[in-house]
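**Student:** What follows is model_23.txt; its format and atoms are compact mmCIF, C-alpha atoms and all ligand atoms.
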# COMPACT_ATOMS: atom_id res chain seq x y z
CA MET T 1 -19.18 -8.29 16.75
CA THR T 2 -18.46 -9.17 13.13
CA THR T 3 -15.12 -10.58 12.07
CA GLY T 4 -13.44 -11.37 8.80
CA ASP T 5 -14.88 -8.37 6.98
CA THR T 6 -11.73 -6.31 6.43
CA ALA T 7 -11.00 -7.70 2.95
CA ALA T 8 -14.64 -7.28 1.90
CA ARG T 9 -14.78 -3.67 3.13
CA SER T 10 -11.50 -2.90 1.37
CA LEU T 11 -12.90 -4.18 -1.93
CA GLU T 12 -16.15 -2.29 -1.41
CA HIS T 13 -14.24 0.99 -0.87
CA TRP T 14 -11.86 0.54 -3.83
CA SER T 15 -14.67 1.48 -6.19
CA GLU T 16 -16.14 4.51 -7.93
CA ALA T 17 -18.46 4.95 -4.92
CA GLY T 18 -15.37 5.16 -2.71
CA ARG T 19 -13.59 7.80 -4.80
CA THR T 20 -14.28 10.70 -2.39
CA GLY T 21 -12.91 8.68 0.52
CA MET T 22 -9.88 7.67 -1.51
CA GLU T 23 -9.13 11.29 -2.35
CA ALA T 24 -9.57 12.30 1.31
CA PHE T 25 -7.09 9.59 2.31
CA TYR T 26 -4.45 10.74 -0.15
CA ALA T 27 -4.56 14.30 1.20
CA LEU T 28 -2.12 12.83 3.75
CA ALA T 29 -1.12 9.41 2.40
CA THR T 30 0.58 10.69 -0.77
CA GLU T 31 3.52 11.22 1.60
CA ASP T 32 3.87 7.42 1.98
CA TYR T 33 4.88 7.22 -1.67
CA ARG T 34 7.13 10.28 -1.68
CA GLN T 35 9.03 8.71 1.22
CA LEU T 36 9.46 5.47 -0.76
CA ALA T 37 10.60 7.34 -3.83
CA LEU T 38 13.26 9.11 -1.76
CA ALA T 39 14.38 5.95 0.09
CA ALA T 40 16.35 4.40 -2.78
CA ASP T 41 18.18 5.20 -6.00
CA TRP T 42 15.35 4.03 -8.23
CA ARG T 43 16.97 5.02 -11.48
CA THR T 44 19.98 2.80 -10.78
CA LEU T 45 17.87 -0.07 -9.40
CA LEU T 46 15.73 -0.11 -12.53
CA ALA T 47 18.54 0.63 -15.00
CA GLU T 48 20.47 -2.40 -13.70
CA ARG T 49 17.60 -4.65 -14.80
CA ALA T 50 16.54 -2.83 -17.93
CA HIS T 51 16.55 -4.66 -21.27
CA GLU T 52 14.33 -4.82 -24.32
CA GLY T 53 11.11 -6.62 -23.42
CA TRP T 54 11.45 -6.32 -19.65
CA SER T 55 8.36 -6.55 -17.48
CA LEU T 56 7.00 -5.52 -14.10
CA LEU T 57 4.15 -6.73 -11.90
CA ASP T 58 2.51 -4.11 -9.66
CA VAL T 59 0.77 -6.14 -6.93
CA ALA T 60 -2.29 -4.43 -5.42
CA CYS T 61 -1.77 -1.48 -7.73
CA GLY T 62 -4.49 0.64 -6.10
CA SER T 63 -4.90 3.96 -7.87
CA GLY T 64 -1.26 4.13 -8.95
CA LYS T 65 0.15 6.52 -6.37
CA TRP T 66 3.47 4.66 -6.39
CA PRO T 67 4.25 4.92 -10.12
CA THR T 68 2.99 8.51 -9.93
CA ALA T 69 5.49 9.29 -7.14
CA LEU T 70 8.33 7.56 -8.98
CA LEU T 71 7.63 9.47 -12.17
CA ARG T 72 7.64 12.71 -10.15
CA HIS T 73 10.60 12.17 -7.83
CA ALA T 74 12.95 9.77 -9.67
CA ASP T 75 14.68 10.46 -12.97
CA LEU T 76 13.55 7.59 -15.19
CA ALA T 77 14.18 9.36 -18.49
CA GLY T 78 15.82 7.21 -21.16
CA LEU T 79 14.92 3.82 -19.64
CA PRO T 80 13.48 1.42 -22.24
CA ASP T 81 9.72 0.81 -22.19
CA LEU T 82 8.74 -1.44 -19.30
CA ALA T 83 5.68 -3.71 -19.79
CA TYR T 84 3.65 -2.93 -16.66
CA ASP T 85 1.12 -5.54 -15.47
CA LEU T 86 -1.52 -4.33 -13.03
CA LEU T 87 -2.80 -6.75 -10.38
CA ASP T 88 -5.68 -5.90 -8.07
CA PRO T 89 -8.98 -7.56 -7.09
CA SER T 90 -10.65 -4.18 -7.78
CA GLU T 91 -11.33 -3.44 -11.45
CA PHE T 92 -11.71 0.22 -10.39
CA SER T 93 -8.15 0.23 -9.02
CA VAL T 94 -6.73 -1.38 -12.16
CA GLN T 95 -8.35 1.27 -14.37
CA GLU T 96 -7.24 4.13 -12.09
CA ALA T 97 -3.64 2.91 -12.08
CA ARG T 98 -3.67 2.30 -15.82
CA GLY T 99 -4.66 5.94 -16.30
CA VAL T 100 -1.59 7.36 -14.53
CA LEU T 101 1.10 5.29 -16.28
CA ARG T 102 3.62 7.21 -18.40
CA PRO T 103 6.84 6.06 -20.12
CA PRO T 104 8.88 4.11 -19.28
CA PHE T 105 5.83 2.42 -17.72
CA VAL T 106 3.59 1.00 -20.45
CA ALA T 107 0.41 -0.76 -19.33
CA ARG T 108 0.15 -4.38 -20.46
CA HIS T 109 -1.97 -7.08 -18.73
CA GLU T 110 -4.83 -6.33 -16.34
CA LEU T 111 -4.97 -9.05 -13.68
CA VAL T 112 -8.17 -8.56 -11.69
CA THR T 113 -7.43 -10.98 -8.86
CA THR T 114 -6.07 -11.14 -5.35
CA LEU T 115 -2.37 -11.92 -5.00
CA GLN T 116 -3.12 -15.22 -3.25
CA ASP T 117 -5.25 -16.30 -6.23
CA LEU T 118 -2.74 -15.26 -8.90
CA ALA T 119 -2.33 -18.13 -11.37
CA PRO T 120 1.16 -19.66 -10.98
CA GLU T 121 1.99 -19.19 -14.67
CA HIS T 122 2.45 -15.45 -14.01
CA THR T 123 6.17 -15.54 -13.49
CA ALA T 124 9.56 -14.31 -14.78
CA TYR T 125 8.95 -10.61 -14.06
CA ASP T 126 12.08 -8.48 -13.89
CA VAL T 127 10.47 -6.36 -11.16
CA VAL T 128 7.62 -7.21 -8.76
CA TRP T 129 6.49 -4.68 -6.18
CA ALA T 130 3.69 -4.19 -3.68
CA THR T 131 3.71 -0.79 -1.99
CA HIS T 132 1.46 -0.10 1.02
CA ALA T 133 -0.70 -2.75 -0.53
CA LEU T 134 -1.18 -5.88 1.54
CA TYR T 135 -2.91 -4.62 4.71
CA ALA T 136 -6.32 -6.12 3.88
CA LEU T 137 -4.87 -9.44 2.78
CA PRO T 138 -6.10 -11.83 5.51
CA PRO T 139 -3.18 -13.05 7.67
CA ALA T 140 -4.39 -16.63 7.20
CA GLU T 141 -3.87 -16.31 3.42
CA LEU T 142 -0.50 -14.62 3.64
CA ASP T 143 1.66 -17.71 3.10
CA ALA T 144 -0.12 -18.50 -0.18
CA ALA T 145 0.21 -14.84 -1.25
CA ALA T 146 3.94 -14.77 -0.39
CA GLU T 147 4.52 -17.90 -2.50
CA ARG T 148 2.84 -16.21 -5.46
CA PHE T 149 4.88 -13.03 -4.96
CA VAL T 150 8.21 -14.85 -4.77
CA GLY T 151 7.27 -17.15 -7.65
CA ALA T 152 6.53 -14.18 -9.91
CA ILE T 153 10.11 -12.80 -9.77
CA ALA T 154 12.54 -13.85 -12.51
CA PRO T 155 15.95 -15.19 -11.42
CA GLY T 156 18.03 -12.09 -10.70
CA GLY T 157 14.91 -9.92 -10.67
CA LEU T 158 13.99 -7.34 -8.08
CA GLY T 159 11.17 -7.72 -5.55
CA LEU T 160 10.01 -5.05 -3.13
CA VAL T 161 7.25 -5.00 -0.54
CA ALA T 162 6.79 -1.70 1.30
CA GLN T 163 4.48 -2.05 4.27
CA ALA T 164 3.94 -0.33 7.61
CA THR T 165 5.29 -2.07 10.72
CA ALA T 166 3.16 -3.25 13.64
CA THR T 167 3.60 -0.08 15.71
CA SER T 168 3.11 2.31 12.78
CA HIS T 169 -0.02 4.46 12.45
CA TYR T 170 -2.05 2.29 10.04
CA LEU T 171 -1.67 -0.82 12.22
CA ALA T 172 -1.93 0.93 15.61
CA PHE T 173 -4.99 2.85 14.45
CA TYR T 174 -6.79 -0.20 13.07
CA ASP T 175 -6.04 -2.26 16.20
CA ALA T 176 -7.54 0.54 18.31
CA PHE T 177 -10.50 0.85 15.93
CA ARG T 178 -11.17 -2.89 16.14
CA ALA T 179 -10.95 -2.79 19.93
CA GLY T 180 -13.09 0.31 20.39
CA VAL T 181 -15.51 0.54 17.48
CA ARG T 182 -15.91 -2.66 15.49
CA ASP T 183 -14.08 -5.97 15.56
CA ALA T 184 -12.72 -7.29 12.29
CA THR T 185 -9.81 -9.24 10.89
CA PRO T 186 -6.63 -7.29 11.72
CA TYR T 187 -4.48 -5.70 9.06
CA THR T 188 -1.39 -7.60 7.98
CA THR T 189 1.88 -6.08 9.24
CA ALA T 190 5.27 -5.71 7.58
CA GLU T 191 6.66 -8.20 10.10
CA GLN T 192 4.11 -10.83 9.04
CA VAL T 193 4.82 -10.18 5.35
CA ARG T 194 8.57 -10.48 5.95
CA ASP T 195 8.17 -13.81 7.77
CA ALA T 196 5.89 -15.15 5.03
CA LEU T 197 8.34 -14.12 2.30
CA VAL T 198 11.20 -15.82 4.16
CA GLY T 199 8.97 -18.88 4.60
CA ALA T 200 8.41 -18.86 0.84
CA GLY T 201 12.15 -19.12 0.30
CA ALA T 202 13.04 -15.48 -0.30
CA ASP T 203 16.25 -13.83 0.81
CA VAL T 204 14.89 -10.62 2.35
CA ARG T 205 16.86 -7.48 3.23
CA GLU T 206 14.97 -5.00 5.39
CA GLN T 207 15.22 -1.21 5.39
CA ARG T 208 13.06 1.02 7.59
CA VAL T 209 11.84 4.55 6.94
CA ARG T 210 10.27 6.76 9.62
CA TYR T 211 8.24 9.91 8.99
CA ARG T 212 5.20 11.86 10.15
CA THR T 213 2.06 13.12 8.51
CA GLY T 214 -0.43 15.51 10.04
CA THR T 215 -3.06 18.17 9.73
CA SER T 216 -4.78 20.85 11.77
CA ASP T 217 -7.89 20.51 9.58
CA ARG T 218 -10.46 18.27 11.26
CA THR T 219 -12.23 17.52 7.97
CA VAL T 220 -8.97 16.27 6.48
CA ALA T 221 -8.24 14.21 9.61
CA GLU T 222 -11.72 12.69 9.55
CA GLY T 223 -11.53 11.69 5.88
CA PHE T 224 -8.06 10.20 6.32
CA LEU T 225 -9.01 8.22 9.43
CA GLN T 226 -12.28 6.95 7.98
CA ARG T 227 -10.40 5.53 5.02
CA CYS T 228 -7.79 4.01 7.36
CA ALA T 229 -10.69 1.91 8.71
CA PHE T 230 -12.71 1.64 5.46
CA ASP T 231 -15.63 3.09 7.42
CA THR T 232 -17.25 6.39 6.44
CA GLY T 233 -20.07 5.87 8.96
CA VAL T 234 -18.04 6.89 12.03
CA SER T 235 -17.40 10.60 12.57
CA LEU T 236 -14.19 12.02 13.98
CA GLU T 237 -16.11 12.97 17.14
CA GLU T 238 -17.32 9.38 17.52
CA MET T 239 -13.82 8.03 16.98
CA GLU T 240 -12.44 10.45 19.59
CA ALA T 241 -15.11 9.39 22.10
CA ALA T 242 -14.68 5.63 21.52
CA PRO T 243 -12.88 3.46 24.07
CA VAL T 244 -9.30 2.52 23.15
CA LEU T 245 -9.47 4.40 19.84
CA GLY T 246 -10.08 7.67 21.73
CA ASP T 247 -6.90 7.08 23.74
CA TYR T 248 -4.91 6.39 20.60
CA LEU T 249 -6.21 9.54 18.91
CA ASP T 250 -5.44 11.57 22.08
CA SER T 251 -1.85 10.44 21.73
CA CYS T 252 -1.80 11.81 18.16
CA ARG T 253 -3.34 15.22 19.00
CA ASP T 254 -1.64 18.30 20.44
CA ALA T 255 -3.12 20.95 22.72
CA ALA T 256 -4.26 23.03 19.74
CA GLY T 257 -6.13 20.02 18.29
CA SER T 258 -3.75 19.28 15.41
CA TYR T 259 -3.11 15.68 14.48
CA THR T 260 0.31 14.10 13.87
CA PHE T 261 0.56 10.46 12.79
CA GLU T 262 3.79 8.48 13.27
CA HIS T 263 4.74 6.13 10.45
CA GLU T 264 7.36 3.44 10.07
CA ALA T 265 7.52 1.62 6.74
CA ALA T 266 9.59 -1.49 6.17
CA LEU T 267 11.06 -1.87 2.70
CA LEU T 268 11.48 -5.60 2.17
CA TRP T 269 13.95 -6.10 -0.67
CA LEU T 270 14.11 -9.46 -2.42
C1 LIG T 301 -3.62 1.27 -0.63
S1 LIG T 301 -3.95 0.49 -2.17
C2 LIG T 301 -2.35 0.19 -2.77
C3 LIG T 301 -1.72 1.44 -3.29
C4 LIG T 301 -0.85 1.28 -4.50
N1 LIG T 301 0.34 0.50 -4.26
C5 LIG T 301 -0.51 2.61 -5.13
O1 LIG T 301 0.59 2.74 -5.69
O2 LIG T 301 -1.35 3.53 -5.13
C6 LIG T 301 -4.48 -1.12 -1.70
C7 LIG T 301 -4.99 -1.98 -2.85
O3 LIG T 301 -4.86 -3.35 -2.43
C8 LIG T 301 -5.86 -4.06 -3.07
N2 LIG T 301 -5.99 -5.36 -2.39
C9 LIG T 301 -6.69 -5.67 -1.29
N3 LIG T 301 -6.55 -6.97 -0.99
C10 LIG T 301 -5.71 -7.50 -1.92
C11 LIG T 301 -5.18 -8.80 -2.15
N4 LIG T 301 -5.47 -9.82 -1.34
N5 LIG T 301 -4.37 -8.99 -3.20
C12 LIG T 301 -4.06 -7.96 -4.01
N6 LIG T 301 -4.54 -6.70 -3.84
C13 LIG T 301 -5.35 -6.48 -2.82
C14 LIG T 301 -7.07 -3.14 -2.95
O4 LIG T 301 -8.11 -3.50 -3.85
C15 LIG T 301 -6.45 -1.79 -3.22
O5 LIG T 301 -6.59 -1.42 -4.57
Show me the file's structure as structure tokens.
**Tutor:**
Amino acid sequence: MTTGDTAARSLEHWSEAGRTGMEAFYALATEDYRQLALAADWRTLLAERAHEGWSLLDVACGSGKWPTALLRHADLAGLPDLAYDLLDPSEFSVQEARGVLRPPFVARHELVTTLQDLAPEHTAYDVVWATHALYALPPAELDAAAERFVGAIAPGGLGLVAQATATSHYLAFYDAFRAGVRDATPYTTAEQVRDALVGAGADVREQRVRYRTGTSDRTVAEGFLQRCAFDTGVSLEEMEAAPVLGDYLDSCRDAAGSYTFEHEAALLWL
């Protein structure tokens, strides 16, 4: 059994070599961002903080599915340009996210680092968000990461972490994968992030959003699930036959063989 490799496998997959897997994942996971875009009045939230020279830090920016969803589903027309800093340990992710930004989001600094290693001088952002972003952050490093997150927000600024809860698909699946296929450091849950943010002095308000994703296409299911584990070496058949993981996948599959995944995201507002 190997342990402690989750963060390393995440970084390895957020790369040009992992592009096919990333695209397979977003066949279903784009819904995570649509749900977030619909969960709040983003225009008002941003307009309340808008001013000339305002700035935003996107923590673990990935390939920019969140700003893409906001630009599609929220009306942001007329907001002043927002200096948009991209933070991610993957240079690939930073460049992918940079490529999708459109006004009012205007790319500024590229911070190729983990959140827990962010230099403390990065502060005074009007908006700081991390959306479906902190799963591979090792739980043991979460307190340091939460301090950096809270410290980056300007007084009166807006912070948001959106993360799946412990019983939601991403966490339940990875726990079953670790038990049945390969041990590794667990993913970090919304509950752990919330507690770390509170421990870092933040006043956190929690909102929960529940939804389902699914497919009857086994190729789509396989690509999605492989990316959920950052492991393209295990086929869907092997996952279905594995102990523990097989039981979890049974619970997601109907008699016709279609998959439905149950999600619960916590929106942690600071
Ligand atoms: C699922 S993506 C995030 C999606 C993104 N919010 C979006 O809008 O598309 C996860 C990202 O977290 C990054 N990541 C992993 N560990 C991290 C850490 N400790 N600190 C910051 N980012 C991290 C990965 O490199 C990856 O790009």
**Student:** Enumerate, in order of chain and increasing residue number, the residues of region 147-247 of chain T with an atom no farther than 7 Å from region 123-135 of chain T, each with its shortest atom pair and distance in Å to one decimal, counting only C-alpha atoms, as CSV.
**Tutor:**
residue,atom,partner,partner_atom,distance
T:Gly151,CA,T:Thr123,CA,6.2
T:Ala152,CA,T:Thr123,CA,3.8
T:Ile153,CA,T:Tyr125,CA,5.0
T:Ala154,CA,T:Ala124,CA,3.8
T:Gly157,CA,T:Asp126,CA,4.5
T:Leu158,CA,T:Val127,CA,4.8
T:Gly159,CA,T:Val128,CA,4.8
T:Leu160,CA,T:Trp129,CA,4.7
T:Val161,CA,T:Ala130,CA,4.8
T:Ala162,CA,T:Thr131,CA,4.6
T:Gln163,CA,T:His132,CA,4.8
T:Tyr187,CA,T:Tyr135,CA,4.7
T:Thr188,CA,T:Tyr135,CA,4.7
T:Thr189,CA,T:Tyr135,CA,6.8
**Student:** I need every residue sitting at most 8 Å from the point (3.9, -4.2, -16.2) (coordinates as in the file, only C-alpha atoms considered), written as a ChimeraX atom specification.
**Tutor:** /T:55-58,82-86,105-109
**Student:** Write out as a VMD selection string each polymer residue (protein, DNA or RNA) that has an atom no more than 7 Å from ligand LIG 301 (chain T), with all atoms listed in the file counted.
**Tutor:** chain T and resid 7 10 to 11 14 59 to 67 87 to 90 93 113 to 116 130 to 134 136 to 137
**Student:** Restricting the calculation to all atoms listed in the file, which member of T:Leu111, T:Val181, T:Ala200, T:Ala176 is positioned closest to Ala144 (chain T)?
**Tutor:**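 Selected residue with least distance to Ala144 (chain T): T:Ala200.
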**Student:** What is the distance between CA of Gly99 (chain T) and CA of Leu71 (chain T), in Å to one decimal?
**Tutor:** 13.4 Å
**Student:** Against region 22-29 of chain T, which residues of region 217-254 of chain T fall within 6 Å? For each one I want the closest pair of atoms and the distance in Å (one decimal), counting only C-alpha atoms, rows by chain and increasing residue number, as a tab-separated table.
**Tutor:**
residue	atom	partner	partner_atom	distance
T:Gly223	CA	T:Ala24	CA	5.0
T:Phe224	CA	T:Phe25	CA	4.2
T:Arg227	CA	T:Phe25	CA	5.9
**Student:** Leu225 (chain T): which residues within 10 Å, counting only C-alpha atoms, same-chain residues fewer than 5 positions away excluded, as a list in words?
**Tutor:**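 Near neighbours after the sequence-gap exclusion: Gly21, Ala24, Phe25, Tyr170, Phe173, Tyr174, Phe177, Thr219, Val220, Phe230, Asp231, Thr232, Val234, Ser235, Leu236, Met239 and Leu249 of chain T.
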**Student:** Which is closer to Pro104 (chain T) than all the others in T:Glu16, T:Asp183, T:Asp247, T:Asp81, using only C-alpha atoms?
**Tutor:**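 Among the listed residues, the smallest separation from Pro104 (chain T) belongs to T:Asp81.
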**Student:** Figure out the distance between CA of Thr68 (chain T) and CA of Leu101 (chain T), please, to one decimal in Å.
**Tutor:**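 Answer for the CA of Leu101 (chain T) to CA of Thr68 (chain T) separation: 7.4 Å.
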**Student:** Would you mind telling me which residue in T:Tyr248, T:Phe261, T:Tyr211, T:Trp269 lies nearest to Asp32 (chain T) when using all atoms listed in the file?
**Tutor:**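 Residue with the minimum atom-to-atom distance to Asp32 (chain T): T:Tyr211.
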**Student:** Considering all atoms listed in the file, can you say which of T:Ser216, T:Leu270, T:Gln226, T:Ala196 comes closest to Gly257 (chain T)?
**Tutor:**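 Looking at the shortest contact to Gly257 (chain T), the residue is T:Ser216.
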